[in-house]
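**Student:** The structure file start26.cif (mmCIF, C-alpha atoms) is provided below.
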```cif
data_upload
loop_
_atom_site.label_atom_id
_atom_site.label_comp_id
_atom_site.auth_asym_id
_atom_site.auth_seq_id
_atom_site.Cartn_x
_atom_site.Cartn_y
_atom_site.Cartn_z
CA MET A 985 128.79 140.07 -49.84
CA ASN A 986 125.63 141.40 -48.18
CA VAL A 987 123.27 138.87 -46.64
CA ILE A 988 119.62 139.20 -45.66
CA GLY A 989 117.58 136.34 -44.31
CA ILE A 990 113.89 135.60 -44.65
CA VAL A 991 112.61 133.46 -41.78
CA GLY A 992 109.33 132.36 -40.29
CA TRP A 993 107.24 129.35 -39.54
CA LYS A 994 106.04 126.86 -42.15
CA ASN A 995 103.51 128.18 -44.69
CA CYS A 996 103.87 131.81 -43.63
CA GLY A 997 105.00 133.11 -47.04
CA LYS A 998 108.79 132.99 -46.80
CA THR A 999 109.32 131.74 -50.36
CA THR A 1000 106.81 134.22 -51.77
CA LEU A 1001 108.58 137.14 -50.08
CA ALA A 1002 112.09 135.88 -50.86
CA SER A 1003 111.21 135.44 -54.55
CA ALA A 1004 109.58 138.87 -54.73
CA LEU A 1005 112.62 140.49 -53.08
CA ILE A 1006 115.00 138.74 -55.47
CA ARG A 1007 112.89 139.97 -58.40
CA GLU A 1008 112.79 143.54 -57.00
CA MET A 1009 116.51 143.68 -56.23
CA THR A 1010 117.54 142.31 -59.63
CA SER A 1011 115.20 144.80 -61.34
CA ARG A 1012 117.28 147.51 -59.64
CA GLY A 1013 120.41 146.18 -61.36
CA LEU A 1014 121.83 144.19 -58.44
CA THR A 1015 123.25 140.68 -58.69
CA VAL A 1016 121.49 138.44 -56.22
CA ASN A 1017 122.23 134.87 -55.18
CA SER A 1018 120.10 132.80 -52.85
CA VAL A 1019 120.42 130.00 -50.34
CA LYS A 1020 117.35 127.96 -49.39
CA HIS A 1021 117.45 125.69 -46.36
CA ALA A 1022 115.37 122.52 -46.37
CA HIS A 1023 114.70 120.71 -43.10
CA HIS A 1024 113.83 117.45 -44.78
CA MET A 1025 115.46 115.00 -47.13
CA VAL A 1026 115.61 117.03 -50.33
CA ASP A 1027 116.68 115.66 -53.70
CA VAL A 1028 116.95 117.80 -56.82
CA ASP A 1029 117.73 114.76 -58.93
CA GLN A 1030 115.34 112.01 -59.99
CA PRO A 1031 115.89 108.24 -59.96
CA GLY A 1032 116.84 106.94 -63.38
CA THR A 1033 118.63 110.06 -64.62
CA ASP A 1034 122.31 109.82 -65.49
CA SER A 1035 123.37 112.27 -62.78
CA TYR A 1036 121.34 110.33 -60.21
CA LYS A 1037 123.13 107.14 -61.28
CA HIS A 1038 126.49 108.90 -60.84
CA ARG A 1039 125.59 109.93 -57.27
CA GLU A 1040 124.22 106.49 -56.46
CA ALA A 1041 127.46 104.97 -57.75
CA GLY A 1042 129.34 106.96 -55.10
CA ALA A 1043 130.38 110.29 -56.65
CA ARG A 1044 130.77 112.94 -53.95
CA GLU A 1045 130.00 115.80 -56.37
CA VAL A 1046 128.16 115.70 -59.66
CA ILE A 1047 127.90 118.68 -61.97
CA LEU A 1048 124.89 118.60 -64.25
CA ALA A 1049 125.69 121.03 -67.05
CA GLY A 1050 123.67 122.27 -69.99
CA GLY A 1051 123.44 125.24 -72.31
CA GLN A 1052 121.29 127.31 -69.91
CA ARG A 1053 122.54 126.38 -66.43
CA PHE A 1054 124.56 124.01 -64.32
CA ALA A 1055 123.97 122.50 -60.91
CA ILE A 1056 126.45 121.00 -58.49
CA MET A 1057 125.09 118.26 -56.26
CA HIS A 1058 127.30 117.47 -53.30
CA GLU A 1059 126.64 114.32 -51.31
CA LEU A 1060 127.51 114.66 -47.63
CA ARG A 1061 127.96 110.88 -47.31
CA GLY A 1062 127.65 111.02 -43.54
CA ALA A 1063 129.52 114.32 -43.05
CA LYS A 1064 127.84 117.05 -41.02
CA GLU A 1065 125.51 119.52 -42.70
CA GLN A 1066 127.36 122.60 -43.91
CA THR A 1067 126.89 125.84 -41.99
CA LEU A 1068 125.46 128.91 -43.64
CA ASP A 1069 128.91 130.51 -43.59
CA GLU A 1070 130.40 127.52 -45.40
CA LEU A 1071 127.65 127.61 -48.01
CA LEU A 1072 128.05 131.37 -48.52
CA GLY A 1073 131.74 130.76 -49.15
CA ARG A 1074 130.83 128.53 -52.11
CA LEU A 1075 128.76 131.19 -53.88
CA SER A 1076 129.98 133.33 -56.75
CA PRO A 1077 130.52 137.03 -55.99
CA CYS A 1078 127.31 139.08 -55.93
CA ASP A 1079 125.79 142.21 -54.42
CA TRP A 1080 123.32 140.40 -52.15
CA VAL A 1081 122.42 136.93 -50.95
CA VAL A 1082 118.84 136.26 -49.92
CA VAL A 1083 118.78 133.38 -47.44
CA GLU A 1084 115.52 131.56 -46.83
CA GLY A 1085 115.59 129.59 -43.62
CA PHE A 1086 118.64 129.14 -41.37
CA LYS A 1087 116.60 130.82 -38.65
CA THR A 1088 119.09 129.95 -35.88
CA HIS A 1089 122.03 131.65 -37.62
CA SER A 1090 122.92 135.19 -36.52
CA HIS A 1091 122.76 136.96 -39.91
CA PRO A 1092 120.30 139.89 -40.24
CA LYS A 1093 116.81 138.55 -40.88
CA ILE A 1094 113.31 139.66 -41.70
CA GLU A 1095 110.58 137.54 -40.16
CA VAL A 1096 107.44 136.76 -42.10
CA HIS A 1097 104.50 136.17 -39.77
CA ARG A 1098 100.78 135.76 -40.35
CA ARG A 1099 97.89 136.51 -38.04
CA GLU A 1100 96.52 132.98 -38.54
CA SER A 1101 99.72 131.37 -37.27
CA SER A 1102 99.37 129.57 -33.98
CA ARG A 1103 103.14 129.90 -33.42
CA THR A 1104 104.69 132.74 -31.43
CA PRO A 1105 106.72 135.12 -33.60
CA LEU A 1106 110.44 134.38 -33.69
CA TYR A 1107 111.37 138.04 -33.12
CA SER A 1108 110.50 137.79 -29.44
CA GLU A 1109 113.51 135.48 -28.96
CA ASP A 1110 115.86 136.39 -31.86
CA PRO A 1111 117.81 139.67 -31.71
CA SER A 1112 119.08 139.18 -35.28
CA ILE A 1113 115.58 139.81 -36.67
CA ILE A 1114 115.80 143.41 -37.86
CA ALA A 1115 112.28 143.77 -39.31
CA VAL A 1116 108.95 142.00 -39.59
CA ALA A 1117 106.68 141.53 -42.60
CA ALA A 1118 103.18 140.60 -41.50
CA ASP A 1119 99.53 140.67 -42.53
CA TYR A 1120 98.65 142.49 -39.29
CA ALA A 1121 100.12 145.25 -37.12
CA ALA A 1122 102.95 143.29 -35.50
CA ASP A 1123 104.00 144.25 -31.98
CA PHE A 1124 107.67 144.57 -32.98
CA SER A 1125 110.01 147.25 -31.64
CA GLY A 1126 111.69 147.76 -35.02
CA PRO A 1127 110.47 148.31 -38.58
CA ALA A 1128 107.29 146.41 -39.47
CA PHE A 1129 106.01 146.12 -43.02
CA ASP A 1130 102.88 144.90 -44.70
CA ILE A 1131 103.71 141.45 -46.04
CA ASN A 1132 102.96 142.70 -49.59
CA ASP A 1133 105.12 145.86 -49.41
CA VAL A 1134 108.01 144.39 -51.39
CA THR A 1135 109.25 147.80 -52.55
CA GLY A 1136 109.33 149.15 -48.99
CA ILE A 1137 111.05 146.04 -47.68
CA ALA A 1138 113.64 146.20 -50.47
CA ASP A 1139 114.23 149.91 -49.77
CA PHE A 1140 114.80 149.03 -46.12
CA ILE A 1141 117.24 146.23 -46.98
CA LEU A 1142 119.21 148.31 -49.47
CA THR A 1143 119.51 151.45 -47.31
CA PRO A 1144 122.06 151.00 -44.51
CA GLU A 1145 120.70 153.99 -42.56
CA LYS A 1146 117.24 152.40 -42.48
CA ARG A 1147 118.68 149.08 -41.29
CA GLY A 1148 120.50 150.90 -38.49
CA THR A 1149 123.96 149.98 -39.70
CA GLY A 1150 126.69 151.77 -41.55
CA ALA A 1151 127.57 148.60 -43.44
CA PRO A 1152 126.77 148.45 -47.16
#
```
Could you show the structure in this file as structure tokens?
**Tutor:**
Amino acid sequence: MNVIGIVGWKNCGKTTLASALIREMTSRGLTVNSVKHAHHMVDVDQPGTDSYKHREAGAREVILAGGQRFAIMHELRGAKEQTLDELLGRLSPCDWVVVEGFKTHSHPKIEVHRRESSRTPLYSEDPSIIAVAADYAADFSGPAFDINDVTGIADFILTPEKRGTGAP
């Protein structure tokens, strides 16, 4: 399973780029899964629904299944947050996984950065950032892309020689 991360500071366009890359990669016939990290208390279920009542009653996992999709909600119930590697191990087989967030993990990542950001780019401290997508000419020693060049970024991700690795 190939993994590429999309990282950056809040409101820099991570979700926009991750979604565009998923769309581009799937249009090329690849199967793509995604993992999105949330730093806050996130709940995909709403109070009053049956699945919410099951979780509130103490179920560790609840599968909400329908004709178009299913979702598994797993309550940690005080256990430690799962690592990215543990979460990747739960995914179905695919060609690529696009990971949004998990910026401290060592998987290959593309940083999204905007000129208006008051925060220092992550790439200055993170050797696992292999490219930058920005709305300005980033001072990065590796490949730098215009934030809107989804095709170019996808080509970079999908071509091992461009990424500087022989791995698929």
**Student:** Please write the residues picked by the PyMOL selection byres ((chain A and resi 1072) around 12) on this file as a VMD selection string.
**Tutor:** chain A and resid 985 to 988 1017 to 1020 1066 to 1071 1073 to 1078 1080 to 1083 1091
**Student:** Keeping only C-alpha atoms, write the selected residues as a compact mmCIF listing (two decimals), in the coordinates of the input.
**Tutor:**
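After the write, selection_37.txt holds the following:
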```
# COMPACT_ATOMS: atom_id res chain seq x y z
CA MET A 985 128.79 140.07 -49.84
CA ASN A 986 125.63 141.40 -48.18
CA VAL A 987 123.27 138.87 -46.64
CA ILE A 988 119.62 139.20 -45.66
CA ASN A 1017 122.23 134.87 -55.18
CA SER A 1018 120.10 132.80 -52.85
CA VAL A 1019 120.42 130.00 -50.34
CA LYS A 1020 117.35 127.96 -49.39
CA GLN A 1066 127.36 122.60 -43.91
CA THR A 1067 126.89 125.84 -41.99
CA LEU A 1068 125.46 128.91 -43.64
CA ASP A 1069 128.91 130.51 -43.59
CA GLU A 1070 130.40 127.52 -45.40
CA LEU A 1071 127.65 127.61 -48.01
CA GLY A 1073 131.74 130.76 -49.15
CA ARG A 1074 130.83 128.53 -52.11
CA LEU A 1075 128.76 131.19 -53.88
CA SER A 1076 129.98 133.33 -56.75
CA PRO A 1077 130.52 137.03 -55.99
CA CYS A 1078 127.31 139.08 -55.93
CA TRP A 1080 123.32 140.40 -52.15
CA VAL A 1081 122.42 136.93 -50.95
CA VAL A 1082 118.84 136.26 -49.92
CA VAL A 1083 118.78 133.38 -47.44
CA HIS A 1091 122.76 136.96 -39.91
```
**Student:** Step by step, work through what the PyMOL selection byres ((chain A and resi 989-1006) around 10) selects in the shown file, and finish by giving those residues as an mmCIF file with C-alpha atoms, in the coordinates of the input.
**Tutor:**
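Below you can see out10.cif, which holds the result:
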```
data_model
loop_
_atom_site.group_PDB
_atom_site.id
_atom_site.type_symbol
_atom_site.label_atom_id
_atom_site.label_comp_id
_atom_site.auth_asym_id
_atom_site.auth_seq_id
_atom_site.Cartn_x
_atom_site.Cartn_y
_atom_site.Cartn_z
ATOM 1 C CA VAL A 987 123.270 138.870 -46.640
ATOM 2 C CA ILE A 988 119.620 139.200 -45.660
ATOM 3 C CA ARG A 1007 112.890 139.970 -58.400
ATOM 4 C CA GLU A 1008 112.790 143.540 -57.000
ATOM 5 C CA MET A 1009 116.510 143.680 -56.230
ATOM 6 C CA THR A 1010 117.540 142.310 -59.630
ATOM 7 C CA SER A 1011 115.200 144.800 -61.340
ATOM 8 C CA ARG A 1012 117.280 147.510 -59.640
ATOM 9 C CA LEU A 1014 121.830 144.190 -58.440
ATOM 10 C CA THR A 1015 123.250 140.680 -58.690
ATOM 11 C CA VAL A 1016 121.490 138.440 -56.220
ATOM 12 C CA ASN A 1017 122.230 134.870 -55.180
ATOM 13 C CA SER A 1018 120.100 132.800 -52.850
ATOM 14 C CA VAL A 1019 120.420 130.000 -50.340
ATOM 15 C CA LYS A 1020 117.350 127.960 -49.390
ATOM 16 C CA TRP A 1080 123.320 140.400 -52.150
ATOM 17 C CA VAL A 1081 122.420 136.930 -50.950
ATOM 18 C CA VAL A 1082 118.840 136.260 -49.920
ATOM 19 C CA VAL A 1083 118.780 133.380 -47.440
ATOM 20 C CA GLU A 1084 115.520 131.560 -46.830
ATOM 21 C CA GLY A 1085 115.590 129.590 -43.620
ATOM 22 C CA PHE A 1086 118.640 129.140 -41.370
ATOM 23 C CA LYS A 1087 116.600 130.820 -38.650
ATOM 24 C CA THR A 1088 119.090 129.950 -35.880
ATOM 25 C CA HIS A 1089 122.030 131.650 -37.620
ATOM 26 C CA SER A 1090 122.920 135.190 -36.520
ATOM 27 C CA HIS A 1091 122.760 136.960 -39.910
ATOM 28 C CA PRO A 1092 120.300 139.890 -40.240
ATOM 29 C CA LYS A 1093 116.810 138.550 -40.880
ATOM 30 C CA ILE A 1094 113.310 139.660 -41.700
ATOM 31 C CA GLU A 1095 110.580 137.540 -40.160
ATOM 32 C CA VAL A 1096 107.440 136.760 -42.100
ATOM 33 C CA HIS A 1097 104.500 136.170 -39.770
ATOM 34 C CA ARG A 1098 100.780 135.760 -40.350
ATOM 35 C CA ARG A 1099 97.890 136.510 -38.040
ATOM 36 C CA GLU A 1100 96.520 132.980 -38.540
ATOM 37 C CA SER A 1101 99.720 131.370 -37.270
ATOM 38 C CA SER A 1102 99.370 129.570 -33.980
ATOM 39 C CA ARG A 1103 103.140 129.900 -33.420
ATOM 40 C CA THR A 1104 104.690 132.740 -31.430
ATOM 41 C CA PRO A 1105 106.720 135.120 -33.600
ATOM 42 C CA LEU A 1106 110.440 134.380 -33.690
ATOM 43 C CA TYR A 1107 111.370 138.040 -33.120
ATOM 44 C CA SER A 1112 119.080 139.180 -35.280
ATOM 45 C CA ILE A 1113 115.580 139.810 -36.670
ATOM 46 C CA ILE A 1114 115.800 143.410 -37.860
ATOM 47 C CA ALA A 1115 112.280 143.770 -39.310
ATOM 48 C CA VAL A 1116 108.950 142.000 -39.590
ATOM 49 C CA ALA A 1117 106.680 141.530 -42.600
ATOM 50 C CA ALA A 1118 103.180 140.600 -41.500
ATOM 51 C CA ASP A 1119 99.530 140.670 -42.530
ATOM 52 C CA ILE A 1131 103.710 141.450 -46.040
ATOM 53 C CA ASN A 1132 102.960 142.700 -49.590
ATOM 54 C CA ASP A 1133 105.120 145.860 -49.410
ATOM 55 C CA VAL A 1134 108.010 144.390 -51.390
ATOM 56 C CA THR A 1135 109.250 147.800 -52.550
ATOM 57 C CA ILE A 1137 111.050 146.040 -47.680
ATOM 58 C CA ALA A 1138 113.640 146.200 -50.470
ATOM 59 C CA ILE A 1141 117.240 146.230 -46.980
#
```
**Student:** Arg1039 of chain A: which residues within 10 Å, counting all atoms listed in the file, same-chain residues fewer than 5 positions away excluded, as a PDB file with C-alpha atoms, in the coordinates of the input?
**Tutor:**
```
ATOM      1  CA  ASP A1029     117.730 114.760 -58.930  1.00  0.00           C
ATOM      2  CA  ASP A1034     122.310 109.820 -65.490  1.00  0.00           C
ATOM      3  CA  ARG A1044     130.770 112.940 -53.950  1.00  0.00           C
ATOM      4  CA  GLU A1045     130.000 115.800 -56.370  1.00  0.00           C
ATOM      5  CA  VAL A1046     128.160 115.700 -59.660  1.00  0.00           C
ATOM      6  CA  MET A1057     125.090 118.260 -56.260  1.00  0.00           C
ATOM      7  CA  HIS A1058     127.300 117.470 -53.300  1.00  0.00           C
ATOM      8  CA  GLU A1059     126.640 114.320 -51.310  1.00  0.00           C
TER       9      GLU A1059
END
```
**Student:** In Å to one decimal, how far is atom CA of Ala1022 of chain A from atom CA of Glu1109 of chain A?
**Tutor:**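 If I compute the distance from atom CA of Glu1109 of chain A to atom CA of Ala1022 of chain A, I get 21.8 Å.
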**Student:** Please indicate the distance in Å from atom CA of Asp1079 of chain A to atom CA of Ala1055 of chain A, rounded to one decimal place.
**Tutor:**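 Calculated distance between atom CA of Asp1079 of chain A and atom CA of Ala1055 of chain A is 20.8 Å.
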**Student:** Could you tell me how far atom CA of Gly1013 of chain A lies from atom CA of Gly1136 of chain A, in Å and to one decimal?
**Tutor:**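 We find that atom CA of Gly1013 of chain A and atom CA of Gly1136 of chain A lie 16.9 Å from each other.
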**Student:** So, counting all atoms listed in the file, which residue among A:Glu1145, A:Asp1110, A:Glu1065, A:Asp1130 is closest to Met1025 of chain A?
**Tutor:**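 Among the listed residues, A:Glu1065 lies closest to Met1025 of chain A.
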**Student:** Report the centre and edge lengths, in Å to one decimal, of an axis-aligned box enclosing every atom of segment 1117-1127 of chain A listed in the file, padded by 5 Å on each side, as JSON.
**Tutor:**
```
{"center_x": 105.2, "center_y": 144.5, "center_z": -37.1, "size_x": 23.0, "size_y": 17.7, "size_z": 21.0}
```
**Student:** Can I get segment 1011-1036 of chain A with N, CA and C atoms filled in, as a JSON list (two decimals), in the frame of the given file?
**Tutor:**
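Just written: rebuild.json:
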```json
[["chain", "number", "residue", "atom", "x", "y", "z"],
["A", 1011, "SER", "N", 115.75, 143.76, -60.46],
["A", 1011, "SER", "CA", 115.20, 144.80, -61.34],
["A", 1011, "SER", "C", 115.88, 146.14, -61.10],
["A", 1012, "ARG", "N", 116.53, 146.29, -59.95],
["A", 1012, "ARG", "CA", 117.28, 147.51, -59.64],
["A", 1012, "ARG", "C", 118.74, 147.40, -60.09],
["A", 1013, "GLY", "N", 119.07, 146.33, -60.81],
["A", 1013, "GLY", "CA", 120.41, 146.18, -61.36],
["A", 1013, "GLY", "C", 121.40, 145.47, -60.46],
["A", 1014, "LEU", "N", 120.94, 144.89, -59.37],
["A", 1014, "LEU", "CA", 121.83, 144.19, -58.44],
["A", 1014, "LEU", "C", 121.95, 142.72, -58.83],
["A", 1015, "THR", "N", 123.11, 142.13, -58.53],
["A", 1015, "THR", "CA", 123.25, 140.68, -58.69],
["A", 1015, "THR", "C", 122.89, 140.04, -57.35],
["A", 1016, "VAL", "N", 122.01, 139.07, -57.42],
["A", 1016, "VAL", "CA", 121.49, 138.44, -56.22],
["A", 1016, "VAL", "C", 121.64, 136.93, -56.33],
["A", 1017, "ASN", "N", 122.20, 136.32, -55.31],
["A", 1017, "ASN", "CA", 122.23, 134.87, -55.18],
["A", 1017, "ASN", "C", 121.28, 134.49, -54.05],
["A", 1018, "SER", "N", 120.96, 133.22, -53.94],
["A", 1018, "SER", "CA", 120.10, 132.80, -52.85],
["A", 1018, "SER", "C", 120.56, 131.47, -52.28],
["A", 1019, "VAL", "N", 120.20, 131.26, -51.03],
["A", 1019, "VAL", "CA", 120.42, 130.00, -50.34],
["A", 1019, "VAL", "C", 119.09, 129.64, -49.70],
["A", 1020, "LYS", "N", 118.62, 128.43, -49.95],
["A", 1020, "LYS", "CA", 117.35, 127.96, -49.39],
["A", 1020, "LYS", "C", 117.65, 126.75, -48.52],
["A", 1021, "HIS", "N", 117.24, 126.81, -47.26],
["A", 1021, "HIS", "CA", 117.45, 125.69, -46.36],
["A", 1021, "HIS", "C", 116.23, 124.80, -46.36],
["A", 1022, "ALA", "N", 116.45, 123.50, -46.44],
["A", 1022, "ALA", "CA", 115.37, 122.52, -46.37],
["A", 1022, "ALA", "C", 115.60, 121.66, -45.13],
["A", 1023, "HIS", "N", 114.58, 121.49, -44.34],
["A", 1023, "HIS", "CA", 114.70, 120.71, -43.10],
["A", 1023, "HIS", "C", 114.50, 119.22, -43.32],
["A", 1024, "HIS", "N", 114.14, 118.84, -44.51],
["A", 1024, "HIS", "CA", 113.83, 117.45, -44.78],
["A", 1024, "HIS", "C", 114.78, 116.91, -45.84],
["A", 1025, "MET", "N", 114.66, 115.65, -46.10],
["A", 1025, "MET", "CA", 115.46, 115.00, -47.13],
["A", 1025, "MET", "C", 115.06, 115.58, -48.49],
["A", 1026, "VAL", "N", 115.93, 116.38, -49.06],
["A", 1026, "VAL", "CA", 115.61, 117.03, -50.33],
["A", 1026, "VAL", "C", 116.49, 116.42, -51.42],
["A", 1027, "ASP", "N", 115.92, 116.21, -52.59],
["A", 1027, "ASP", "CA", 116.68, 115.66, -53.70],
["A", 1027, "ASP", "C", 116.28, 116.40, -54.97],
["A", 1028, "VAL", "N", 117.23, 117.06, -55.59],
["A", 1028, "VAL", "CA", 116.95, 117.80, -56.82],
["A", 1028, "VAL", "C", 117.10, 116.92, -58.05],
["A", 1029, "ASP", "N", 117.49, 115.69, -57.84],
["A", 1029, "ASP", "CA", 117.73, 114.76, -58.93],
["A", 1029, "ASP", "C", 116.71, 113.63, -58.84],
["A", 1030, "GLN", "N", 116.37, 113.05, -59.96],
["A", 1030, "GLN", "CA", 115.34, 112.01, -59.99],
["A", 1030, "GLN", "C", 115.93, 110.63, -60.30],
["A", 1031, "PRO", "N", 115.42, 109.60, -59.66],
["A", 1031, "PRO", "CA", 115.89, 108.24, -59.96],
["A", 1031, "PRO", "C", 115.78, 107.96, -61.46],
["A", 1032, "GLY", "N", 116.82, 107.31, -61.97],
["A", 1032, "GLY", "CA", 116.84, 106.94, -63.38],
["A", 1032, "GLY", "C", 117.63, 107.89, -64.26],
["A", 1033, "THR", "N", 117.84, 109.14, -63.80],
["A", 1033, "THR", "CA", 118.63, 110.06, -64.62],
["A", 1033, "THR", "C", 120.10, 109.71, -64.51],
["A", 1034, "ASP", "N", 120.88, 110.14, -65.49],
["A", 1034, "ASP", "CA", 122.31, 109.82, -65.49],
["A", 1034, "ASP", "C", 123.01, 110.40, -64.26],
["A", 1035, "SER", "N", 122.70, 111.66, -63.93],
["A", 1035, "SER", "CA", 123.37, 112.27, -62.78],
["A", 1035, "SER", "C", 123.00, 111.54, -61.49],
["A", 1036, "TYR", "N", 121.77, 111.10, -61.38],
["A", 1036, "TYR", "CA", 121.34, 110.33, -60.21],
["A", 1036, "TYR", "C", 122.15, 109.04, -60.13]]
```
